[in-house]
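The next block holds one structure in the form of C-alpha cells; read it before the comments.
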Amino acid sequence: MVDNKLINNLKDIAIKIRKNILTATTKAQSGHPGGSLSATDIMVCLYFHKMKHTSKKPDDPNRDRFILSKGHAAPALYACLAQSGYFPVKELDTLRQLGSRLQGHPERIKLPGVEASTGPLGQGLSFANGVALAGKIDKKDYKVYCMIGDGESQEGMIWEAAMTSPHYKLDNLCVILDHNRLQIDGKVEDVKNIEPVKDKFKAFNFNVIEIDGHNYNEILHALDQADKTKGKPTIIIANTIKGKGVPMMENKAEWHGKACKPGELDKCLESVY
C-alpha cells in the first residue's frame with residue numbers, strides 16, 4: 001500500500017493540472033481537453049513521483065524519458081512540465097497561439113522537457129523503442145515511458161512497433177495505454193475495435209498489467225512492477241474516463257477536441273475533483 005500522504009499530494013497536484021488544462025484550452029478556444037484529462041493522473045504519478053528528471057538539467061543523459069505518442073494530449077504534458085519548473089505556469093495561457101512555444105502538439109526543439117515532437121498518430125512508440133534501445137547500447141539505466149491512445153492503436157504502426165519492443169527485450173520501456181474508449185468520432189469499438197487489446201499485447205510478448213488509470217495505488221504499483229520486469233517490455237493498460245475530473249465532460253466523445261466556452265470556465269473549474 002502506498003503512503004496516503006504521497007497520494008493526497010499527487011491528487012492535489014492533479015487538480016491543479018486539470019484546472020490548467022481547462023484554462024489553457026478555454027483561452028485558446030482550441031485543443032483536446034477530454035484525452036488530456038483522462039491521462040492526467042498517470043502523468044502526475046510519473047512527473048511528480050516516479051521519473052528521474054529535473055527542470056534544471058532537461059538534457060541530463062541519465063534522465064527518465066516520457067514520450068507522449070498521443071500528442072493531442074499536449075495540454076496535460078505542458079501543465080505537468082510547467083508545474084515541474086520547465087517554464088513559467090503563466091506561459092500555459094499562450095497555448096496554440098501564434099508564436100507560442102506551446103503548439104497544439106509537442107515540439108521537441110522549442111520547449112524544454114519535451115522528448116519527442118509528436119502529433120501524427122502511431123509514431124511515438126517507434127520513437128520510444130529507439131530511445132530505449134539507445135539506452136541499452138549506451139549502458140544507461142534510464143527508463144522510457146510512452147503513452148499511447150486507444151484510438152491511436154487503430155494505427156498499423158503501433159503494431160509494428162509492438163513487435164519490435166519485445167524483439168529487442170526492451171525491459172527499460174514501459175508503454176501506457178490511455179484506454180478511455182472514446183475518440184473524436186465516438187466509441188473506439190464502433191470506429192475500429194482494438195479488443196482484445198490485453199491478449200494482443202500478451203501475444204506480442206509484453207508483460208501486461210491492467211489497472212484503473214485513476215486509482216493512485218494501482219498506478220504506482222504498476223509502475224513499480226514494470227521496473228521489476230526483466231527481459232521484456234511492459235504495457236500498462238490503464239482503464240480511464242474521457243474528461244475525468246470535470247463532470248460535464250466525463251465519458252463524452254464531444255469533448256475530445258472541443259474547449260469549453262469562456263462563460264462555462266468558472267463552473268468547470270469549481271467542479272474539478
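By convention in this document, the chains of the C-alpha cells carry letters A, B, ... by their order, each chain's residues are numbered from 1, and ligands are numbered from 1 in the order they are shown.
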Subject >> Exercise: Asn62 of chain A partners within 8 Å, only C-alpha atoms, chain neighbours under 6 positions left out, as a ChimeraX atom specification >> reply: /A:140-142
Take the selection from the previous step and output its residues with N, CA and C atoms, as a PDB file, in the first residue's frame.
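Generated output (part_20.pdb):
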ATOM      1  N   LYS A 140      22.980   2.792 -20.229  1.00  0.00           N
ATOM      2  CA  LYS A 140      22.336   3.729 -19.318  1.00  0.00           C
ATOM      3  C   LYS A 140      21.201   3.006 -18.586  1.00  0.00           C
ATOM      4  N   ASP A 141      20.868   3.517 -17.400  1.00  0.00           N
ATOM      5  CA  ASP A 141      19.801   2.863 -16.651  1.00  0.00           C
ATOM      6  C   ASP A 141      18.511   3.672 -16.624  1.00  0.00           C
ATOM      7  N   TYR A 142      18.361   4.599 -17.586  1.00  0.00           N
ATOM      8  CA  TYR A 142      17.122   5.374 -17.619  1.00  0.00           C
ATOM      9  C   TYR A 142      15.947   4.524 -18.103  1.00  0.00           C
TER      10      TYR A 142
END
Original post:
Looking only at the backbone, which of the residues in segment 34-255 of chain A does DSSP tag as helix (DSSP H, G or I), as a VMD selection string?
Top reply: chain A and resid 34 to 50 71 to 83 89 to 94 124 to 137 152 to 154 156 to 167 188 to 192 197 to 203 216 to 228 247 to 249 253 to 255
Per-residue nearest contacts segment 172-241 of chain A to segment 4-19 of chain A, cut-off 10 Å, using only C-alpha atoms, as JSON lines:
{"residue": "A:His214", "atom": "CA", "partner": "A:Lys11", "partner_atom": "CA", "distance": 9.9}
{"residue": "A:Asn215", "atom": "CA", "partner": "A:Ile7", "partner_atom": "CA", "distance": 9.6}
{"residue": "A:Tyr216", "atom": "CA", "partner": "A:Ile7", "partner_atom": "CA", "distance": 6.5}
{"residue": "A:Asn217", "atom": "CA", "partner": "A:Ile7", "partner_atom": "CA", "distance": 7.7}
{"residue": "A:Leu220", "atom": "CA", "partner": "A:Ile7", "partner_atom": "CA", "distance": 9.4}
Original post:
Just how far from atom CA of Asp227 of chain A is atom CA of Leu173 of chain A, in Å to one decimal?
Top reply: 9.1 Å
**OP:** Please identify all polymer residues within 10 Å of segment 191-204 of chain A, counting only C-alpha atoms, omitting same-chain residues fewer than 2 positions from it, and present them as a ChimeraX atom specification.
**Re:** /A:150-154,159,162-167,177,179,181-189,206-210,234-237
Produce a file of the selected residues containing N, CA and C atoms, as a CSV table (one decimal), in the first residue's frame.
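Dumped everything to selection12.csv:
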chain,number,residue,atom,x,y,z
A,150,ASP,N,-6.1,4.7,-27.2
A,150,ASP,CA,-6.7,3.5,-27.8
A,150,ASP,C,-7.2,3.8,-29.2
A,151,GLY,N,-7.7,5.0,-29.5
A,151,GLY,CA,-8.0,5.4,-30.9
A,151,GLY,C,-6.7,5.3,-31.7
A,152,GLU,N,-5.6,5.8,-31.1
A,152,GLU,CA,-4.3,5.7,-31.8
A,152,GLU,C,-3.9,4.3,-32.2
A,153,SER,N,-4.3,3.4,-31.3
A,153,SER,CA,-3.9,2.0,-31.5
A,153,SER,C,-4.7,1.3,-32.7
A,154,GLN,N,-5.5,2.1,-33.4
A,154,GLN,CA,-6.0,1.6,-34.7
A,154,GLN,C,-5.0,1.8,-35.8
A,159,TRP,N,1.4,-1.4,-34.1
A,159,TRP,CA,1.6,-2.9,-34.0
A,159,TRP,C,3.0,-3.3,-34.6
A,162,ALA,N,5.1,-2.6,-31.7
A,162,ALA,CA,4.8,-3.5,-30.6
A,162,ALA,C,5.5,-4.9,-30.9
A,163,MET,N,5.8,-5.2,-32.1
A,163,MET,CA,6.6,-6.4,-32.4
A,163,MET,C,8.1,-6.1,-32.1
A,164,THR,N,8.5,-4.9,-32.3
A,164,THR,CA,9.9,-4.5,-32.1
A,164,THR,C,10.4,-4.5,-30.6
A,165,SER,N,9.5,-4.0,-29.8
A,165,SER,CA,9.9,-3.8,-28.3
A,165,SER,C,10.3,-5.1,-27.7
A,166,PRO,N,9.5,-6.2,-27.8
A,166,PRO,CA,9.9,-7.5,-27.2
A,166,PRO,C,11.1,-8.1,-28.0
A,167,HIS,N,11.2,-7.9,-29.3
A,167,HIS,CA,12.3,-8.5,-30.1
A,167,HIS,C,13.6,-8.1,-29.5
A,177,LEU,N,-1.2,2.6,-22.1
A,177,LEU,CA,-2.3,2.8,-22.9
A,177,LEU,C,-3.4,3.5,-22.2
A,179,HIS,N,-6.7,4.1,-22.0
A,179,HIS,CA,-7.8,3.3,-22.5
A,179,HIS,C,-9.1,3.9,-22.1
A,181,ARG,N,-11.6,4.6,-24.2
A,181,ARG,CA,-12.7,4.0,-25.1
A,181,ARG,C,-13.5,5.0,-26.0
A,182,LEU,N,-13.0,6.3,-26.0
A,182,LEU,CA,-13.7,7.2,-26.9
A,182,LEU,C,-12.6,7.9,-27.8
A,183,GLN,N,-13.0,8.3,-29.0
A,183,GLN,CA,-12.2,9.0,-29.9
A,183,GLN,C,-13.1,10.1,-30.5
A,184,ILE,N,-12.5,10.9,-31.4
A,184,ILE,CA,-13.2,12.0,-32.0
A,184,ILE,C,-14.5,11.6,-32.7
A,185,ASP,N,-14.6,10.4,-33.2
A,185,ASP,CA,-15.8,10.0,-33.9
A,185,ASP,C,-16.7,9.2,-33.1
A,186,GLY,N,-16.4,9.0,-31.8
A,186,GLY,CA,-17.3,8.2,-31.0
A,186,GLY,C,-16.6,7.1,-30.2
A,187,LYS,N,-17.3,6.0,-30.1
A,187,LYS,CA,-16.7,4.9,-29.3
A,187,LYS,C,-15.6,4.2,-30.2
A,188,VAL,N,-14.5,3.8,-29.5
A,188,VAL,CA,-13.4,3.1,-30.2
A,188,VAL,C,-13.9,1.8,-30.8
A,189,GLU,N,-14.8,1.1,-30.0
A,189,GLU,CA,-15.2,-0.2,-30.5
A,189,GLU,C,-16.1,-0.1,-31.7
A,206,PHE,N,4.6,-8.9,-24.4
A,206,PHE,CA,4.7,-7.9,-23.4
A,206,PHE,C,4.4,-8.4,-22.0
A,207,ASN,N,4.9,-7.9,-21.0
A,207,ASN,CA,4.4,-8.0,-19.7
A,207,ASN,C,3.2,-7.1,-19.6
A,208,VAL,N,2.0,-7.6,-19.4
A,208,VAL,CA,0.8,-6.8,-19.4
A,208,VAL,C,0.2,-6.7,-18.0
A,209,ILE,N,-0.1,-5.4,-17.7
A,209,ILE,CA,-0.7,-5.1,-16.4
A,209,ILE,C,-1.9,-4.2,-16.7
A,210,GLU,N,-3.1,-4.6,-16.1
A,210,GLU,CA,-4.3,-3.8,-16.4
A,210,GLU,C,-4.7,-3.2,-15.1
A,234,THR,N,7.0,-3.7,-20.7
A,234,THR,CA,5.7,-3.8,-20.0
A,234,THR,C,4.8,-2.8,-20.7
A,235,ILE,N,3.5,-3.2,-20.8
A,235,ILE,CA,2.4,-2.3,-21.1
A,235,ILE,C,1.5,-2.3,-20.0
A,236,ILE,N,1.1,-1.0,-19.5
A,236,ILE,CA,0.1,-0.8,-18.5
A,236,ILE,C,-1.2,-0.4,-19.3
A,237,ILE,N,-2.2,-1.2,-19.2
A,237,ILE,CA,-3.5,-0.9,-19.8
A,237,ILE,C,-4.3,-0.2,-18.8
Applying 10 Å and only C-alpha atoms, which residues near Met248 of chain A remain after dropping the ones on its own chain fewer than 4 positions away? List them as a PDB file with C-alpha atoms, in the first residue's frame.
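Result saved to around-v1.pdb:
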ATOM      1  CA  GLY A 243     -12.764  14.091 -19.403  1.00  0.00           C
ATOM      2  CA  LYS A 244     -12.040  12.670 -15.939  1.00  0.00           C
ATOM      3  CA  LYS A 252     -18.475  12.300 -23.704  1.00  0.00           C
ATOM      4  CA  TRP A 255     -15.002  16.829 -25.593  1.00  0.00           C
ATOM      5  CA  CYS A 260     -15.398  24.798 -23.061  1.00  0.00           C
ATOM      6  CA  LYS A 267     -18.335  26.427 -13.440  1.00  0.00           C
ATOM      7  CA  CYS A 268     -15.927  23.811 -14.813  1.00  0.00           C
ATOM      8  CA  SER A 271     -16.403  21.280 -10.340  1.00  0.00           C
ATOM      9  CA  VAL A 272     -12.884  19.836 -10.759  1.00  0.00           C
TER      10      VAL A 272
END
Just want the 8 Å neighbourhood of segment 57-60 of chain A, counted on only C-alpha atoms, with same-chain residues fewer than 5 positions away dropped. Output as an mmCIF file with C-alpha atoms, in the first residue's frame.
data_model
loop_
_atom_site.group_PDB
_atom_site.id
_atom_site.type_symbol
_atom_site.label_atom_id
_atom_site.label_comp_id
_atom_site.auth_asym_id
_atom_site.auth_seq_id
_atom_site.Cartn_x
_atom_site.Cartn_y
_atom_site.Cartn_z
ATOM 1 C CA TYR A 86 10.484 23.706 -17.014
ATOM 2 C CA PRO A 112 12.485 22.133 -22.714
ATOM 3 C CA GLY A 113 11.227 18.872 -21.258
#
**OP:** Would you list the contacts of Phe127 of chain A as an MDAnalysis selection string, taking every protein, DNA or RNA residue within 9 Å and counting only C-alpha atoms, but skipping same-chain residues closer than 4 positions in sequence?
**Re:** chainID A and resid 67 69 116 123 131:132 161
Against segment 31-55 of chain A, which residues of segment 112-217 of chain A fall within 7 Å? For each one I want the closest pair of atoms and the distance in Å (one decimal), counting only C-alpha atoms, rows by chain and increasing residue number, as a tab-separated table.
residue	atom	partner	partner_atom	distance
A:Asp178	CA	A:Ala39	CA	6.3
A:Asn180	CA	A:Ser38	CA	6.9
A:Gly213	CA	A:Ile42	CA	6.6
A:His214	CA	A:Asp41	CA	5.8
**OP:** Could you give me, as an NGL selection string, each residue of segment 88-213 of chain A that DSSP assigns to strand (DSSP E or B) when run on this structure's backbone?
**Re:** :A and (144-149 or 173-179 or 182-183 or 186-187 or 207-212)
Prev. selection, C-alpha atoms, output as a PDB file, in the first residue's frame:
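Heads up, here's the output in part.pdb:
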ATOM      1  CA  VAL A 144      11.387   5.239 -21.161  1.00  0.00           C
ATOM      2  CA  TYR A 145       7.657   5.761 -20.655  1.00  0.00           C
ATOM      3  CA  CYS A 146       5.456   6.033 -23.736  1.00  0.00           C
ATOM      4  CA  MET A 147       1.765   6.900 -23.558  1.00  0.00           C
ATOM      5  CA  ILE A 148      -0.411   5.757 -26.445  1.00  0.00           C
ATOM      6  CA  GLY A 149      -4.147   6.147 -27.008  1.00  0.00           C
ATOM      7  CA  LEU A 173      10.426   0.539 -21.837  1.00  0.00           C
ATOM      8  CA  CYS A 174       7.023   0.947 -20.218  1.00  0.00           C
ATOM      9  CA  VAL A 175       4.109   1.620 -22.563  1.00  0.00           C
ATOM     10  CA  ILE A 176       0.954   3.092 -21.067  1.00  0.00           C
ATOM     11  CA  LEU A 177      -2.344   2.765 -22.931  1.00  0.00           C
ATOM     12  CA  ASP A 178      -4.788   5.533 -22.043  1.00  0.00           C
ATOM     13  CA  HIS A 179      -7.824   3.315 -22.542  1.00  0.00           C
ATOM     14  CA  LEU A 182     -13.655   7.224 -26.895  1.00  0.00           C
ATOM     15  CA  GLN A 183     -12.177   9.038 -29.894  1.00  0.00           C
ATOM     16  CA  GLY A 186     -17.332   8.203 -30.994  1.00  0.00           C
ATOM     17  CA  LYS A 187     -16.688   4.858 -29.320  1.00  0.00           C
ATOM     18  CA  ASN A 207       4.393  -8.006 -19.658  1.00  0.00           C
ATOM     19  CA  VAL A 208       0.773  -6.848 -19.427  1.00  0.00           C
ATOM     20  CA  ILE A 209      -0.692  -5.075 -16.397  1.00  0.00           C
ATOM     21  CA  GLU A 210      -4.288  -3.833 -16.363  1.00  0.00           C
ATOM     22  CA  ILE A 211      -5.340  -1.125 -13.913  1.00  0.00           C
ATOM     23  CA  ASP A 212      -7.813   1.596 -13.077  1.00  0.00           C
TER      24      ASP A 212
END
Original post:
Nearest to Phe87 of chain A: which of A:Leu22, A:Met249, A:Leu121, A:Leu111 is it, counting only C-alpha atoms?
Top reply: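 Nearest to Phe87 of chain A: A:Leu111.
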Subject >> Minimum-distance residue to Glu270 of chain A, chosen among A:Asp171, A:Lys228, A:Arg108, A:Thr23 (using only C-alpha atoms) >> reply: A:Thr23
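Nearest to Gln29 of chain A of all the residues A:Gly99, A:Gly71, A:Pro247, A:Gly104 is A:Gly104, based on only C-alpha atoms.
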